[in-house]
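J.: Let me give you the structure first, and then I'll get to my questions.
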Amino acid sequence: MNIEIERYAQMQSPVHQWAPRSKLVGLGLLVVAYATVQSLWLVPVMVGITALLYLGSRLPLSFLRSRLRYPSLFLLGVVMTLPWLSGTTVLWQWGPLALRQEGLLTVVLVASRFVSILTLGIVLLGSTPFLQLIGALRGLGLPDLLADMTLLAYRYLFDIADQLARLKQAMRLRRFSFLQTQSWQPLAAVTGTLLIRTYEQSERVYKAMQLRGYGSGHALYEQTQTWGTGLDLAGLIGCGAIAATLMALQWG
Amino acid sequence: MHVPDGFLPAPVCIAGYGLTGLTAWYSLKRIRRQADPARHVPKASLLAAAFFVASSIHIPVPPLSVHLVLNGLLGAVLGFYAFPAILIGLFFQAMFIGHGGLSTLGINACIMGFPALAAYGVFRLRNRLPLRNRDAIASFLAGCLGVGLGAALFIGVIVLTLPPTLDAATERAALLGLGLAHLPLMLAEGGFTAVLVAFLQRVKPELVSAGAQPAPVRQPLTADIRGPL
């Protein structure tokens, strides 16, 4: 499981330099605006804005491709079925199969929204270190408890993934296959062992945190971010204006 | 049972975030009533990470294999911590592997998180069952409820947001197929949750009791009710 997202977070680009809080709100407004797009003529506008932002982030295209590969499998199901099942205007027919216009247009709309929103997410997460992102969320009102849980869960992700990989390897060395077992007992034992090992580690982590004052009004990460400079705010206002325009054009 | 980005209209996504915000606020309120709210944070964070990693663990349900969901287990073990833990797990899934979505994070949290809280409610009732294997039965029901209710909510969201041009008969057939496909999943998750909880109770019972909510902290009466004598 590839959970590495911060590979390019230390690059230099206008998007990387954008203050995290302004970036989060600005891109968030664009995501909301994209979700409202129902007219096909707005699709090129939406895709164009997304492409510009991606180019501005200077993230490699290979990174975008690798991030889109798995989620695109879900889109594939819709792309393969909707044009044949939805609508009444038949564009082309071969026996019982009829390609319908409404279905095809819906697919174009859904696919472009999907790719655009996903790409904005990749721009945000690929250009912002995770810790700064949580700091930005805290600055926007994320409760301390939730922020602490997120940081600790992020820490445990790598431990659990590593432990799981070692457990699976140990099982393979003993000629045990997850999918060929007749009983769930060994699977439950493996899953339970994974949870127990990480749980015991979490207990030690908690005691260490308590010794450092955690739980007495101190959060794990004190955010000191602001909205950034005038340029950062200009970026935020620009995104807000684009989002408002898109929504006005859609509903107008 | 995750809805990807771009599939739902904006009002549904916003409503999902609204419901998630309210439920998270209520869950945190219940958590803060505990004597030491930070006590279970490391355990809840661990299980949030496990919820994320669970999608890579497949169990055989012949002729296929299915991946674990674990929202029932989280509900049974974590109680009110389950909803924030699932929200975080879904955030990681959307962020790291593009499973689910950022615009649909709210609605996905409702689909997975509400059943977790329902599973907690069912698991809590086990002490009232006058049966020998009440822990196993309660865990089985919690696991089933996690997946079953989640599937029902997912199908509900799909029904409300399908394109109107879709043929009604095809729509009904697809939804029926989707519902039936989740039945073996539900039983598998229930069975696996029961076996897993039994293992944890034998080896590390305090891990299962993490969801137990001690009585809220009540301030003692400080006023002298006798009045001046």
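Chain labels run A, B, ... following the order of the structure tokens; each chain numbers its residues from 1, and ligands are numbered from 1 in the order shown.
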Identify every residue of chain B that has at least one atom within 6 Å of any atom of chain A, counting only C-alpha atoms, and report the result as a PDB file with C-alpha atoms, in the first residue's frame.
T.:
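Saved file part23.pdb follows:
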ATOM      1  CA  ASP B   5     -15.792  12.659  -5.932  1.00  0.00           C
ATOM      2  CA  GLY B   6     -17.968  14.151  -8.651  1.00  0.00           C
ATOM      3  CA  PHE B   7     -20.816  11.645  -8.379  1.00  0.00           C
ATOM      4  CA  PRO B   9     -24.635  16.967  -6.437  1.00  0.00           C
ATOM      5  CA  ALA B  10     -23.272  19.784  -4.287  1.00  0.00           C
ATOM      6  CA  ALA B  38      -7.376  12.024  26.411  1.00  0.00           C
ATOM      7  CA  PRO B  42      -4.042   6.816  21.399  1.00  0.00           C
ATOM      8  CA  SER B  45      -6.093   6.844  16.755  1.00  0.00           C
ATOM      9  CA  LEU B  46      -4.659   3.347  16.450  1.00  0.00           C
ATOM     10  CA  ALA B  49      -5.268   3.799  11.307  1.00  0.00           C
ATOM     11  CA  PRO B  60     -12.319 -15.464   1.734  1.00  0.00           C
ATOM     12  CA  PHE B  96      -3.611   8.557   0.316  1.00  0.00           C
ATOM     13  CA  GLY B  98      -8.166   8.095  -3.587  1.00  0.00           C
ATOM     14  CA  THR B 165     -32.828   9.335 -17.460  1.00  0.00           C
ATOM     15  CA  LEU B 166     -31.815   5.909 -16.203  1.00  0.00           C
ATOM     16  CA  LEU B 196     -11.735 -11.177  16.500  1.00  0.00           C
TER      17      LEU B 196
END
J.: Please extract the residues of segment 1-229 of chain A with a backbone DSSP assignment of strand (DSSP E or B) and present them as a list in words.
T.: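 DSSP-assigned strand (DSSP E or B) residues in segment 1-229 of chain A: Ser86, Val90, Leu91, Trp92, Gln93, Trp94, Leu97, Ala98, Leu99, Arg100, Tyr214 and His218 of chain A.
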J.: Show which residues sit within 6 Å of segment 123-128 of chain B, as a list in words. Count only C-alpha atoms, and ignore same-chain residues fewer than 2 positions away.
T.: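 With the cut-off at 6 Å, the set is Ala76, Tyr120, Gly121, Arg134 and Ala138 of chain B.
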J.: Using DSSP secondary structure from the backbone, list all alpha helix (DSSP H) positions within segment 11-209 of chain B, as an mmCIF file with C-alpha atoms, in the first residue's frame.
T.:
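Saved to selection.cif:
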data_model
loop_
_atom_site.group_PDB
_atom_site.id
_atom_site.type_symbol
_atom_site.label_atom_id
_atom_site.label_comp_id
_atom_site.auth_asym_id
_atom_site.auth_seq_id
_atom_site.Cartn_x
_atom_site.Cartn_y
_atom_site.Cartn_z
ATOM 1 C CA PRO B 11 -26.319 20.083 -1.966
ATOM 2 C CA VAL B 12 -25.972 16.408 -0.989
ATOM 3 C CA CYS B 13 -22.236 16.853 -0.312
ATOM 4 C CA ILE B 14 -22.908 19.937 1.805
ATOM 5 C CA ALA B 15 -25.714 18.185 3.698
ATOM 6 C CA GLY B 16 -23.313 15.291 4.339
ATOM 7 C CA TYR B 17 -20.738 17.667 5.810
ATOM 8 C CA GLY B 18 -23.446 19.294 7.917
ATOM 9 C CA LEU B 19 -24.609 15.961 9.374
ATOM 10 C CA THR B 20 -21.027 14.846 9.936
ATOM 11 C CA GLY B 21 -20.202 18.108 11.692
ATOM 12 C CA LEU B 22 -23.190 17.722 14.009
ATOM 13 C CA THR B 23 -22.442 14.075 14.784
ATOM 14 C CA ALA B 24 -18.747 14.774 15.363
ATOM 15 C CA TRP B 25 -19.658 17.648 17.674
ATOM 16 C CA TYR B 26 -22.024 15.390 19.656
ATOM 17 C CA SER B 27 -19.465 12.559 19.805
ATOM 18 C CA LEU B 28 -16.782 14.936 21.079
ATOM 19 C CA LYS B 29 -19.224 16.340 23.617
ATOM 20 C CA ARG B 30 -19.865 12.806 24.963
ATOM 21 C CA ILE B 31 -16.129 12.090 24.976
ATOM 22 C CA ARG B 32 -15.329 15.268 26.918
ATOM 23 C CA VAL B 41 -7.080 9.034 22.215
ATOM 24 C CA PRO B 42 -4.042 6.816 21.399
ATOM 25 C CA LYS B 43 -6.273 3.712 21.165
ATOM 26 C CA ALA B 44 -8.859 5.519 19.027
ATOM 27 C CA SER B 45 -6.093 6.844 16.755
ATOM 28 C CA LEU B 46 -4.659 3.347 16.450
ATOM 29 C CA LEU B 47 -8.000 1.929 15.375
ATOM 30 C CA ALA B 48 -8.528 4.836 12.967
ATOM 31 C CA ALA B 49 -5.268 3.799 11.307
ATOM 32 C CA ALA B 50 -6.366 0.150 11.449
ATOM 33 C CA PHE B 51 -9.667 1.102 9.772
ATOM 34 C CA PHE B 52 -7.634 2.552 6.941
ATOM 35 C CA VAL B 53 -5.292 -0.445 6.656
ATOM 36 C CA ASN B 71 -16.815 -0.077 11.313
ATOM 37 C CA GLY B 72 -18.842 -2.480 13.488
ATOM 38 C CA LEU B 73 -15.702 -3.445 15.411
ATOM 39 C CA LEU B 74 -14.767 0.207 15.882
ATOM 40 C CA GLY B 75 -18.216 0.957 17.223
ATOM 41 C CA ALA B 76 -18.112 -1.980 19.655
ATOM 42 C CA VAL B 77 -14.604 -1.228 20.898
ATOM 43 C CA LEU B 78 -14.414 2.578 20.807
ATOM 44 C CA ALA B 82 -15.691 5.537 16.721
ATOM 45 C CA PHE B 83 -17.241 8.370 14.716
ATOM 46 C CA PRO B 84 -14.153 10.669 14.804
ATOM 47 C CA ALA B 85 -11.940 7.612 14.197
ATOM 48 C CA ILE B 86 -13.931 6.643 11.092
ATOM 49 C CA LEU B 87 -13.923 10.244 9.862
ATOM 50 C CA ILE B 88 -10.129 10.283 10.143
ATOM 51 C CA GLY B 89 -9.816 6.854 8.488
ATOM 52 C CA LEU B 90 -11.957 8.021 5.563
ATOM 53 C CA PHE B 91 -9.907 11.221 5.278
ATOM 54 C CA PHE B 92 -6.758 9.104 5.002
ATOM 55 C CA GLN B 93 -8.361 6.791 2.450
ATOM 56 C CA ALA B 94 -9.398 9.764 0.294
ATOM 57 C CA MET B 95 -6.021 11.450 0.742
ATOM 58 C CA PHE B 96 -3.611 8.557 0.316
ATOM 59 C CA ILE B 97 -5.307 6.127 -2.027
ATOM 60 C CA LEU B 105 -16.070 12.878 2.878
ATOM 61 C CA GLY B 106 -19.098 14.086 4.830
ATOM 62 C CA ILE B 107 -21.575 11.748 3.192
ATOM 63 C CA ASN B 108 -19.140 8.808 3.414
ATOM 64 C CA ALA B 109 -18.623 9.526 7.123
ATOM 65 C CA CYS B 110 -22.403 9.331 7.598
ATOM 66 C CA ILE B 111 -22.615 6.053 5.641
ATOM 67 C CA MET B 112 -19.845 4.425 7.699
ATOM 68 C CA GLY B 113 -20.054 6.311 10.989
ATOM 69 C CA PHE B 114 -23.760 6.092 11.833
ATOM 70 C CA PRO B 115 -23.706 2.264 11.656
ATOM 71 C CA ALA B 116 -20.632 2.290 13.929
ATOM 72 C CA LEU B 117 -22.563 4.206 16.577
ATOM 73 C CA ALA B 118 -25.508 1.837 16.120
ATOM 74 C CA ALA B 119 -23.098 -1.108 16.533
ATOM 75 C CA TYR B 120 -21.882 0.446 19.798
ATOM 76 C CA GLY B 121 -25.467 0.629 21.007
ATOM 77 C CA VAL B 122 -26.012 -3.053 20.171
ATOM 78 C CA PHE B 123 -22.710 -4.130 21.778
ATOM 79 C CA ARG B 124 -23.577 -2.290 24.982
ATOM 80 C CA ARG B 134 -23.590 -13.039 24.759
ATOM 81 C CA ASP B 135 -20.259 -11.399 23.902
ATOM 82 C CA ALA B 136 -19.946 -13.408 20.695
ATOM 83 C CA ILE B 137 -23.576 -12.781 19.744
ATOM 84 C CA ALA B 138 -23.291 -9.053 20.451
ATOM 85 C CA SER B 139 -20.044 -8.803 18.452
ATOM 86 C CA PHE B 140 -21.572 -10.734 15.567
ATOM 87 C CA LEU B 141 -24.599 -8.407 15.523
ATOM 88 C CA ALA B 142 -22.361 -5.332 15.775
ATOM 89 C CA GLY B 143 -20.280 -6.501 12.810
ATOM 90 C CA CYS B 144 -23.368 -7.321 10.726
ATOM 91 C CA LEU B 145 -25.019 -4.027 11.593
ATOM 92 C CA GLY B 146 -21.898 -2.072 10.631
ATOM 93 C CA VAL B 147 -21.943 -3.417 7.094
ATOM 94 C CA GLY B 148 -25.699 -3.923 6.687
ATOM 95 C CA LEU B 149 -26.747 -0.453 7.789
ATOM 96 C CA GLY B 150 -23.853 1.063 5.846
ATOM 97 C CA ALA B 151 -24.985 -0.707 2.681
ATOM 98 C CA ALA B 152 -28.577 0.452 3.251
ATOM 99 C CA LEU B 153 -27.445 4.066 3.668
ATOM 100 C CA PHE B 154 -25.221 3.805 0.594
ATOM 101 C CA ILE B 155 -28.082 2.435 -1.518
ATOM 102 C CA GLY B 156 -30.348 5.186 -0.150
ATOM 103 C CA VAL B 157 -27.898 7.883 -1.237
ATOM 104 C CA ILE B 158 -27.535 6.293 -4.693
ATOM 105 C CA VAL B 159 -31.324 6.030 -5.127
ATOM 106 C CA LEU B 160 -31.751 9.702 -4.280
ATOM 107 C CA THR B 161 -29.047 10.871 -6.680
ATOM 108 C CA ALA B 168 -36.353 2.298 -13.989
ATOM 109 C CA ALA B 169 -36.193 -1.502 -14.427
ATOM 110 C CA THR B 170 -32.405 -1.421 -14.800
ATOM 111 C CA GLU B 171 -32.145 0.826 -11.756
ATOM 112 C CA ARG B 172 -34.230 -1.570 -9.645
ATOM 113 C CA ALA B 173 -32.255 -4.605 -10.821
ATOM 114 C CA ALA B 174 -28.911 -2.915 -10.129
ATOM 115 C CA LEU B 175 -29.939 -1.810 -6.646
ATOM 116 C CA LEU B 176 -31.359 -5.237 -5.806
ATOM 117 C CA GLY B 177 -28.135 -6.836 -6.994
ATOM 118 C CA LEU B 178 -26.081 -4.398 -4.923
ATOM 119 C CA GLY B 179 -28.186 -5.105 -1.848
ATOM 120 C CA LEU B 180 -27.996 -8.893 -2.254
ATOM 121 C CA ALA B 181 -24.242 -8.721 -2.862
ATOM 122 C CA HIS B 182 -23.811 -7.182 0.569
ATOM 123 C CA LEU B 183 -25.612 -9.989 2.408
ATOM 124 C CA PRO B 184 -22.657 -12.435 2.425
ATOM 125 C CA LEU B 185 -20.406 -9.475 3.203
ATOM 126 C CA MET B 186 -22.523 -8.629 6.202
ATOM 127 C CA LEU B 187 -22.425 -12.178 7.553
ATOM 128 C CA ALA B 188 -18.692 -12.444 6.884
ATOM 129 C CA GLU B 189 -17.976 -9.211 8.723
ATOM 130 C CA GLY B 190 -20.238 -10.253 11.602
ATOM 131 C CA GLY B 191 -18.549 -13.640 11.909
ATOM 132 C CA PHE B 192 -15.082 -12.155 11.646
ATOM 133 C CA THR B 193 -15.874 -9.466 14.226
ATOM 134 C CA ALA B 194 -17.143 -12.119 16.662
ATOM 135 C CA VAL B 195 -13.991 -14.240 16.233
ATOM 136 C CA LEU B 196 -11.735 -11.177 16.500
ATOM 137 C CA VAL B 197 -13.448 -9.818 19.628
ATOM 138 C CA ALA B 198 -13.228 -13.278 21.234
ATOM 139 C CA PHE B 199 -9.474 -13.339 20.484
ATOM 140 C CA LEU B 200 -8.984 -9.834 21.872
ATOM 141 C CA GLN B 201 -10.970 -10.646 25.024
ATOM 142 C CA ARG B 202 -8.753 -13.652 25.678
ATOM 143 C CA VAL B 203 -5.454 -11.902 24.990
ATOM 144 C CA PRO B 205 -9.483 -7.598 27.287
ATOM 145 C CA GLU B 206 -8.758 -3.912 28.020
ATOM 146 C CA LEU B 207 -8.636 -3.271 24.265
ATOM 147 C CA VAL B 208 -12.268 -4.328 23.972
#
J.: Using only C-alpha atoms, which of A:Arg100, A:His16, A:Lys168, A:Arg197 sits nearest Ser127 of chain A?
T.: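 The shortest atom-to-atom distance to Ser127 of chain A comes from A:His16.
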J.: So what do you get for atom CA of Asp162 of chain A versus atom CA of Leu61 of chain A, distance-wise?
T.: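 Separating atom CA of Asp162 of chain A from atom CA of Leu61 of chain A is a distance of 28.1 Å.
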J.: Do you know which residues are at most 9 Å from Leu29 of chain A counting only C-alpha atoms, after dropping those on the same chain fewer than 4 positions away, and could you put them as a short mmCIF file (atom, residue, chain, number, x, y, z; two decimals) with N, CA and C atoms, in the first residue's frame?
T.:
data_model
loop_
_atom_site.label_atom_id
_atom_site.label_comp_id
_atom_site.auth_asym_id
_atom_site.auth_seq_id
_atom_site.Cartn_x
_atom_site.Cartn_y
_atom_site.Cartn_z
N LEU A 24 -5.93 25.96 1.60
CA LEU A 24 -6.97 25.00 1.96
C LEU A 24 -8.36 25.58 1.68
N VAL A 25 -8.59 26.82 2.12
CA VAL A 25 -9.91 27.43 1.93
C VAL A 25 -10.16 27.72 0.44
N ALA A 33 -17.48 24.51 -5.76
CA ALA A 33 -17.98 25.04 -7.04
C ALA A 33 -18.02 23.96 -8.11
N TYR A 34 -16.98 23.11 -8.14
CA TYR A 34 -16.93 22.02 -9.14
C TYR A 34 -18.09 21.05 -8.92
N CYS A 239 -9.54 32.53 -5.93
CA CYS A 239 -10.24 31.24 -5.97
C CYS A 239 -11.70 31.42 -5.60
N GLY A 240 -11.94 32.26 -4.59
CA GLY A 240 -13.31 32.53 -4.17
C GLY A 240 -14.12 33.17 -5.29
N ILE A 242 -13.52 32.94 -8.54
CA ILE A 242 -13.74 31.93 -9.60
C ILE A 242 -14.86 30.98 -9.20
N ALA A 243 -14.84 30.56 -7.94
CA ALA A 243 -15.88 29.64 -7.45
C ALA A 243 -17.25 30.30 -7.54
N ALA A 244 -17.31 31.57 -7.10
CA ALA A 244 -18.60 32.28 -7.13
C ALA A 244 -19.09 32.46 -8.57
#
J.: Do you have the atom CA of Leu91 of chain A-atom CA of Leu40 of chain A distance handy?
T.: 18.0 Å
